[in-house]
Amino acid sequence: MNQPRISIIIPVYNVEPYIAECLQSVMRQNYVGPIECIVVDDCGTDRSMAVVERLIAEYDGPIDFVVLHHEKNKGLSCARNTGMDVAHGDYIFFLDSDDWISDDCIGHLVSLTIDKSFEMISGGMDVFRGEYEEKGKGNDALVVKKISGQEFLFNWVRGYSSVISVWNKLYPKKYLQKKSARFKSIPLAEDVLFNYELFCKPSTIYVSNRVTYHYRKREGSVIDVVRKNPLKDRDEIVLLWLELKKVRDDNGFDFFNEYYLHCYGYRIFALSKRCGLRFYHVFRLLHKEYPYRPLKIWMTQKESFSWYLDRLMWSLPSLMGFVWFQETWRIKRLIKKD
């Protein structure tokens, strides 16, 4: 049986210390079918592309490498779109240039496509912070779950399971073309918007717990830079929420309300801790320019009691975090006065 062709898309921008490990993990894939690896040069200022060119020149294997160059820096979204425009694979796999994949990543995910009708397949992951590793949800016993696209979105926002980022997932190219899928140039969580547009309507996803992807959290990443600026962080969340609202208005799926409330609560807690401010100070800061009010969103839903109770229960960890932080902040202030 002919194995499907896989297109791996890697945007590259200022990742000189990490890009070799990323590319070498692609070169080690034990998948027996055809793979093309599309590297998109987004005009960084370091020697990342010199490392890429050297490794590809030294490589002698079955994977077809394609290197594309932007004329100027266009950002992560445009780089991924550039890769999709030239991809010839039956499936598309996104890989960030500071991460890497296990040797059986592509082979395992492709094995889950046999005799299945689906819109996306996702693997498990580990998280690395320098030398420190946080184990993902993978374990020795392989578990593959079939869920709906809407369940996938809700599970993520409630923290139950799954990662909504586009990496570590196989997307059928025909499905992306049918949906005219494109990444929008927004500074934060462009892949949240990408997946929301794909899966807010009925769709099928298979989620495997086997760890196939190694995600690196590092200083200087896009998400790290945004979250170090509280006001910018606030503005980016509002921008994302407005984009989600546009999709909701076209499709009638209410995930965007839950995502907004989730992010709102997280941001208040995170900014309180980062800025050393009391909760109500940060609350006032965020509310000053926010175009919508979380409580108003809740109170205008006109849902059943169980609807509100369910959302209250998954909000409790954030509420408890607020209380814990405020009490810790108050005690430290009292100790300093003494």
# chains A, B, ... in the order shown; residues from 1 in each chain; ligands from 1
>>> closest_atom_pairs(of="range 50-115 of chain A", to="range 193-209 of chain A", cutoff="12 Å", atoms="only C-alpha atoms", output="CSV")
residue,atom,partner,partner_atom,distance
A:Ser77,CA,A:Phe194,CA,9.8
A:Arg80,CA,A:Phe194,CA,11.3
A:Asn81,CA,A:Phe194,CA,11.3
A:Cys105,CA,A:Ser208,CA,11.1
A:His108,CA,A:Ser208,CA,9.2
A:Leu109,CA,A:Ser208,CA,8.2
A:Val110,CA,A:Tyr206,CA,11.4
A:Ser111,CA,A:Ser208,CA,11.0
A:Leu112,CA,A:Tyr206,CA,7.9
A:Thr113,CA,A:Tyr206,CA,8.9
A:Ile114,CA,A:Tyr206,CA,11.7
>>> write_last_selection(atoms="N, CA and C atoms", output="mmCIF file, in the first residue's frame")
data_model
loop_
_atom_site.group_PDB
_atom_site.id
_atom_site.type_symbol
_atom_site.label_atom_id
_atom_site.label_comp_id
_atom_site.auth_asym_id
_atom_site.auth_seq_id
_atom_site.Cartn_x
_atom_site.Cartn_y
_atom_site.Cartn_z
ATOM 1 N N SER A 77 2.802 33.803 11.030
ATOM 2 C CA SER A 77 1.611 33.440 10.255
ATOM 3 C C SER A 77 1.904 33.402 8.762
ATOM 4 N N ARG A 80 4.069 30.391 7.759
ATOM 5 C CA ARG A 80 3.310 29.140 7.647
ATOM 6 C C ARG A 80 2.456 29.129 6.380
ATOM 7 N N ASN A 81 1.860 30.276 6.045
ATOM 8 C CA ASN A 81 1.065 30.350 4.814
ATOM 9 C C ASN A 81 1.931 30.098 3.589
ATOM 10 N N CYS A 105 7.552 10.106 15.235
ATOM 11 C CA CYS A 105 6.445 11.065 15.238
ATOM 12 C C CYS A 105 5.544 10.907 14.014
ATOM 13 N N HIS A 108 3.982 7.335 13.601
ATOM 14 C CA HIS A 108 2.892 7.046 14.531
ATOM 15 C C HIS A 108 1.615 7.777 14.130
ATOM 16 N N LEU A 109 1.721 9.060 13.820
ATOM 17 C CA LEU A 109 0.525 9.822 13.469
ATOM 18 C C LEU A 109 -0.107 9.306 12.178
ATOM 19 N N VAL A 110 0.725 8.937 11.203
ATOM 20 C CA VAL A 110 0.185 8.399 9.948
ATOM 21 C C VAL A 110 -0.505 7.055 10.199
ATOM 22 N N SER A 111 0.019 6.260 11.118
ATOM 23 C CA SER A 111 -0.594 4.958 11.397
ATOM 24 C C SER A 111 -2.017 5.104 11.916
ATOM 25 N N LEU A 112 -2.323 6.256 12.505
ATOM 26 C CA LEU A 112 -3.666 6.494 13.038
ATOM 27 C C LEU A 112 -4.653 6.916 11.954
ATOM 28 N N THR A 113 -4.165 7.178 10.738
ATOM 29 C CA THR A 113 -5.046 7.632 9.660
ATOM 30 C C THR A 113 -5.705 6.479 8.920
ATOM 31 N N ILE A 114 -5.223 5.258 9.144
ATOM 32 C CA ILE A 114 -5.698 4.109 8.369
ATOM 33 C C ILE A 114 -7.173 3.837 8.659
#
>>> residues_around(residues="Asn2 in chain A", least_positions_apart="3", cutoff="10 Å", atoms="only C-alpha atoms", output="ChimeraX atom specification")
/A:5,32-34
>>> residues_around(residues="range 167-173 of chain A", least_positions_apart="4", cutoff="6 Å", atoms="only C-alpha atoms", output="PyMOL selection string")
chain A and resi 90-95+120-123+213
>>> residues_around(residues="range 38-43 of chain A", least_positions_apart="6", cutoff="8 Å", atoms="only C-alpha atoms", output="PyMOL selection string")
chain A and resi 7-13+49+65-76+79-80+82-83+87
>>> atom_distance(atom1="CA of Ser97 in chain A", atom2="CA of Asn14 in chain A")
9.2 Å
>>> select_by_dssp(residues="range 19-155 of chain A", states="strand (DSSP E or B)", output="short mmCIF file (atom, residue, chain, number, x, y, z; two decimals) with C-alpha atoms, in the first residue's frame")
data_model
loop_
_atom_site.label_atom_id
_atom_site.label_comp_id
_atom_site.auth_asym_id
_atom_site.auth_seq_id
_atom_site.Cartn_x
_atom_site.Cartn_y
_atom_site.Cartn_z
CA ILE A 35 8.37 13.33 3.37
CA GLU A 36 9.06 16.84 2.16
CA CYS A 37 10.39 19.37 4.66
CA ILE A 38 9.66 23.00 3.77
CA VAL A 39 11.91 25.48 5.58
CA VAL A 40 10.72 29.10 5.36
CA ASP A 41 13.39 31.76 5.96
CA ASP A 64 13.11 16.20 0.19
CA PHE A 65 14.13 19.57 1.62
CA VAL A 66 12.75 22.78 0.15
CA VAL A 67 14.08 26.17 1.34
CA LEU A 68 12.00 29.30 0.71
CA HIS A 69 13.13 32.87 1.42
CA TYR A 91 -1.02 15.75 5.03
CA ILE A 92 0.55 18.87 6.52
CA PHE A 93 2.52 18.92 9.79
CA PHE A 94 3.66 22.17 11.43
CA TRP A 100 11.90 18.89 17.86
CA ILE A 101 9.99 15.66 17.22
CA MET A 120 -7.05 16.29 12.31
CA ILE A 121 -4.81 13.91 14.28
CA SER A 122 -2.83 15.05 17.32
CA GLY A 123 0.01 13.47 19.31
CA GLY A 124 1.24 13.92 22.88
CA MET A 125 4.02 16.27 24.02
CA ASP A 126 6.71 17.07 26.58
CA VAL A 127 7.66 20.59 27.71
CA PHE A 128 11.28 21.67 28.20
CA ARG A 129 12.38 24.74 30.16
CA TYR A 132 14.06 21.05 33.10
CA GLU A 133 11.47 18.73 31.58
CA GLU A 134 7.77 18.66 32.35
CA VAL A 144 -6.22 7.09 21.13
CA LYS A 145 -9.46 9.01 21.60
CA LYS A 146 -11.96 10.09 19.00
CA ILE A 147 -13.53 13.47 19.78
CA SER A 148 -15.42 16.15 17.93
#
>>> atom_distance(atom1="CA of Tyr215 in chain A", atom2="CA of Val143 in chain A")
20.6 Å
>>> select_by_dssp(residues="range 70-239 of chain A", states="alpha helix (DSSP H)", output="MDAnalysis selection string")
chainID A and resid 76:86 105:111 149:157 173:178 190:199 222:227 230:239
>>> write_last_selection(atoms="C-alpha atoms", output="PDB file, in the first residue's frame")
ATOM      1  CA  LEU A  76       5.070  33.447  11.861  1.00  0.00           C
ATOM      2  CA  SER A  77       1.611  33.440  10.255  1.00  0.00           C
ATOM      3  CA  CYS A  78       2.874  34.497   6.824  1.00  0.00           C
ATOM      4  CA  ALA A  79       5.735  31.998   7.014  1.00  0.00           C
ATOM      5  CA  ARG A  80       3.310  29.140   7.647  1.00  0.00           C
ATOM      6  CA  ASN A  81       1.065  30.350   4.814  1.00  0.00           C
ATOM      7  CA  THR A  82       4.080  30.427   2.479  1.00  0.00           C
ATOM      8  CA  GLY A  83       4.821  26.809   3.381  1.00  0.00           C
ATOM      9  CA  MET A  84       1.221  25.719   2.805  1.00  0.00           C
ATOM     10  CA  ASP A  85       1.182  27.408  -0.613  1.00  0.00           C
ATOM     11  CA  VAL A  86       3.911  25.112  -1.969  1.00  0.00           C
ATOM     12  CA  CYS A 105       6.445  11.065  15.238  1.00  0.00           C
ATOM     13  CA  ILE A 106       5.311  11.039  11.615  1.00  0.00           C
ATOM     14  CA  GLY A 107       5.090   7.247  11.441  1.00  0.00           C
ATOM     15  CA  HIS A 108       2.892   7.046  14.531  1.00  0.00           C
ATOM     16  CA  LEU A 109       0.525   9.822  13.469  1.00  0.00           C
ATOM     17  CA  VAL A 110       0.185   8.399   9.948  1.00  0.00           C
ATOM     18  CA  SER A 111      -0.594   4.958  11.397  1.00  0.00           C
ATOM     19  CA  GLY A 149     -13.731  19.361  16.839  1.00  0.00           C
ATOM     20  CA  GLN A 150     -15.908  21.392  19.206  1.00  0.00           C
ATOM     21  CA  GLU A 151     -15.069  19.078  22.102  1.00  0.00           C
ATOM     22  CA  PHE A 152     -11.386  19.533  21.260  1.00  0.00           C
ATOM     23  CA  LEU A 153     -11.744  23.323  21.588  1.00  0.00           C
ATOM     24  CA  PHE A 154     -13.734  23.184  24.822  1.00  0.00           C
ATOM     25  CA  ASN A 155     -11.405  20.610  26.408  1.00  0.00           C
ATOM     26  CA  TRP A 156      -8.451  22.885  25.783  1.00  0.00           C
ATOM     27  CA  VAL A 157      -9.970  26.073  27.171  1.00  0.00           C
ATOM     28  CA  LYS A 173      -4.352  19.058   2.894  1.00  0.00           C
ATOM     29  CA  LYS A 174      -7.678  18.617   1.071  1.00  0.00           C
ATOM     30  CA  TYR A 175      -9.528  19.673   4.231  1.00  0.00           C
ATOM     31  CA  LEU A 176      -7.382  22.802   4.605  1.00  0.00           C
ATOM     32  CA  GLN A 177      -7.998  23.668   0.968  1.00  0.00           C
ATOM     33  CA  LYS A 178     -11.733  23.060   1.317  1.00  0.00           C
ATOM     34  CA  GLU A 190      -2.755  32.839  15.692  1.00  0.00           C
ATOM     35  CA  ASP A 191      -3.051  29.052  15.862  1.00  0.00           C
ATOM     36  CA  VAL A 192      -5.989  29.309  18.299  1.00  0.00           C
ATOM     37  CA  LEU A 193      -7.842  31.326  15.670  1.00  0.00           C
ATOM     38  CA  PHE A 194      -6.709  28.936  12.910  1.00  0.00           C
ATOM     39  CA  ASN A 195      -8.067  25.868  14.715  1.00  0.00           C
ATOM     40  CA  TYR A 196     -11.218  27.669  15.843  1.00  0.00           C
ATOM     41  CA  GLU A 197     -12.097  28.470  12.254  1.00  0.00           C
ATOM     42  CA  LEU A 198     -11.453  24.842  11.246  1.00  0.00           C
ATOM     43  CA  PHE A 199     -13.283  23.069  14.050  1.00  0.00           C
ATOM     44  CA  VAL A 222       6.983  35.283  20.571  1.00  0.00           C
ATOM     45  CA  ILE A 223       4.697  34.313  23.448  1.00  0.00           C
ATOM     46  CA  ASP A 224       7.366  35.206  26.022  1.00  0.00           C
ATOM     47  CA  VAL A 225       7.930  38.700  24.603  1.00  0.00           C
ATOM     48  CA  VAL A 226       4.212  39.519  24.486  1.00  0.00           C
ATOM     49  CA  ARG A 227       3.516  38.391  28.048  1.00  0.00           C
ATOM     50  CA  PRO A 230       1.154  43.732  30.540  1.00  0.00           C
ATOM     51  CA  LEU A 231      -0.590  46.393  28.452  1.00  0.00           C
ATOM     52  CA  LYS A 232       0.484  44.784  25.182  1.00  0.00           C
ATOM     53  CA  ASP A 233      -0.622  41.431  26.533  1.00  0.00           C
ATOM     54  CA  ARG A 234      -4.036  42.884  27.317  1.00  0.00           C
ATOM     55  CA  ASP A 235      -4.383  44.444  23.866  1.00  0.00           C
ATOM     56  CA  GLU A 236      -3.420  41.228  22.074  1.00  0.00           C
ATOM     57  CA  ILE A 237      -6.031  39.229  23.980  1.00  0.00           C
ATOM     58  CA  VAL A 238      -8.705  41.765  23.053  1.00  0.00           C
ATOM     59  CA  LEU A 239      -7.628  41.633  19.393  1.00  0.00           C
TER      60      LEU A 239
END
>>> atom_distance(atom1="CA of Ala57 in chain A", atom2="CA of Gly44 in chain A")
20.4 Å
>>> residues_around(residues="range 16-22 of chain A", least_positions_apart="6", cutoff="7 Å", atoms="only C-alpha atoms", output="PyMOL selection string")
chain A and resi 46-48+51+97-100
>>> write_last_selection(atoms="all heavy atoms", output="PDB file, in the first residue's frame")
ATOM      1  N   ASP A  46      20.228  36.449  12.793  1.00  0.00           N
ATOM      2  CA  ASP A  46      21.345  35.607  13.235  1.00  0.00           C
ATOM      3  C   ASP A  46      21.739  34.639  12.114  1.00  0.00           C
ATOM      4  O   ASP A  46      21.384  34.853  10.956  1.00  0.00           O
ATOM      5  CB  ASP A  46      20.979  34.866  14.523  1.00  0.00           C
ATOM      6  CG  ASP A  46      19.836  33.869  14.317  1.00  0.00           C
ATOM      7  OD1 ASP A  46      19.356  33.720  13.168  1.00  0.00           O
ATOM      8  OD2 ASP A  46      19.411  33.229  15.301  1.00  0.00           O
ATOM      9  N   ARG A  47      22.463  33.578  12.441  1.00  0.00           N
ATOM     10  CA  ARG A  47      22.974  32.643  11.427  1.00  0.00           C
ATOM     11  C   ARG A  47      22.127  31.364  11.361  1.00  0.00           C
ATOM     12  O   ARG A  47      22.636  30.307  11.002  1.00  0.00           O
ATOM     13  CB  ARG A  47      24.428  32.305  11.747  1.00  0.00           C
ATOM     14  CG  ARG A  47      25.370  33.486  11.547  1.00  0.00           C
ATOM     15  CD  ARG A  47      26.832  33.090  11.842  1.00  0.00           C
ATOM     16  NE  ARG A  47      27.256  31.912  11.111  1.00  0.00           N
ATOM     17  CZ  ARG A  47      27.629  31.903   9.834  1.00  0.00           C
ATOM     18  NH1 ARG A  47      27.608  33.045   9.141  1.00  0.00           N
ATOM     19  NH2 ARG A  47      28.015  30.782   9.250  1.00  0.00           N
ATOM     20  N   SER A  48      20.853  31.473  11.656  1.00  0.00           N
ATOM     21  CA  SER A  48      19.982  30.294  11.613  1.00  0.00           C
ATOM     22  C   SER A  48      19.998  29.635  10.238  1.00  0.00           C
ATOM     23  O   SER A  48      20.134  28.411  10.117  1.00  0.00           O
ATOM     24  CB  SER A  48      18.536  30.684  11.965  1.00  0.00           C
ATOM     25  OG  SER A  48      18.435  31.141  13.283  1.00  0.00           O
ATOM     26  N   VAL A  51      23.055  27.601   9.342  1.00  0.00           N
ATOM     27  CA  VAL A  51      23.007  26.265   9.946  1.00  0.00           C
ATOM     28  C   VAL A  51      22.107  25.354   9.111  1.00  0.00           C
ATOM     29  O   VAL A  51      22.449  24.197   8.833  1.00  0.00           O
ATOM     30  CB  VAL A  51      22.494  26.350  11.400  1.00  0.00           C
ATOM     31  CG1 VAL A  51      22.344  24.945  11.992  1.00  0.00           C
ATOM     32  CG2 VAL A  51      23.425  27.189  12.254  1.00  0.00           C
ATOM     33  N   SER A  97      10.568  25.924  14.894  1.00  0.00           N
ATOM     34  CA  SER A  97      12.003  25.738  14.682  1.00  0.00           C
ATOM     35  C   SER A  97      12.826  25.663  15.965  1.00  0.00           C
ATOM     36  O   SER A  97      14.017  25.346  15.909  1.00  0.00           O
ATOM     37  CB  SER A  97      12.548  26.866  13.799  1.00  0.00           C
ATOM     38  OG  SER A  97      12.166  28.128  14.301  1.00  0.00           O
ATOM     39  N   ASP A  98      12.237  25.935  17.120  1.00  0.00           N
ATOM     40  CA  ASP A  98      12.968  25.759  18.376  1.00  0.00           C
ATOM     41  C   ASP A  98      12.522  24.500  19.117  1.00  0.00           C
ATOM     42  O   ASP A  98      12.957  24.254  20.244  1.00  0.00           O
ATOM     43  CB  ASP A  98      12.816  26.992  19.283  1.00  0.00           C
ATOM     44  CG  ASP A  98      11.370  27.413  19.462  1.00  0.00           C
ATOM     45  OD1 ASP A  98      10.494  26.819  18.825  1.00  0.00           O
ATOM     46  OD2 ASP A  98      11.120  28.362  20.239  1.00  0.00           O
ATOM     47  N   ASP A  99      11.665  23.693  18.495  1.00  0.00           N
ATOM     48  CA  ASP A  99      11.224  22.429  19.074  1.00  0.00           C
ATOM     49  C   ASP A  99      11.802  21.262  18.267  1.00  0.00           C
ATOM     50  O   ASP A  99      12.514  21.472  17.288  1.00  0.00           O
ATOM     51  CB  ASP A  99       9.693  22.349  19.060  1.00  0.00           C
ATOM     52  CG  ASP A  99       9.049  23.517  19.798  1.00  0.00           C
ATOM     53  OD1 ASP A  99       9.670  24.054  20.723  1.00  0.00           O
ATOM     54  OD2 ASP A  99       7.920  23.898  19.419  1.00  0.00           O
ATOM     55  N   TRP A 100      11.479  20.043  18.650  1.00  0.00           N
ATOM     56  CA  TRP A 100      11.896  18.889  17.865  1.00  0.00           C
ATOM     57  C   TRP A 100      10.892  17.756  18.064  1.00  0.00           C
ATOM     58  O   TRP A 100      10.052  17.809  18.980  1.00  0.00           O
ATOM     59  CB  TRP A 100      13.320  18.445  18.220  1.00  0.00           C
ATOM     60  CG  TRP A 100      13.515  17.824  19.574  1.00  0.00           C
ATOM     61  CD1 TRP A 100      13.631  16.498  19.847  1.00  0.00           C
ATOM     62  CD2 TRP A 100      13.660  18.503  20.832  1.00  0.00           C
ATOM     63  NE1 TRP A 100      13.829  16.294  21.202  1.00  0.00           N
ATOM     64  CE2 TRP A 100      13.856  17.508  21.812  1.00  0.00           C
ATOM     65  CE3 TRP A 100      13.644  19.834  21.221  1.00  0.00           C
ATOM     66  CZ2 TRP A 100      14.018  17.819  23.161  1.00  0.00           C
ATOM     67  CZ3 TRP A 100      13.802  20.152  22.561  1.00  0.00           C
ATOM     68  CH2 TRP A 100      13.995  19.155  23.513  1.00  0.00           C
TER      69      TRP A 100
END
>>> closest_residue(among="A:Glu119, A:Leu142, A:Asp254, A:Tyr59", to="Lys179 in chain A", atoms="only C-alpha atoms")
A:Glu119
>>> closest_residue(among="A:Lys217, A:Thr212, A:Asp96, A:Ile186", to="Glu243 in chain A", atoms="only C-alpha atoms")
A:Ile186
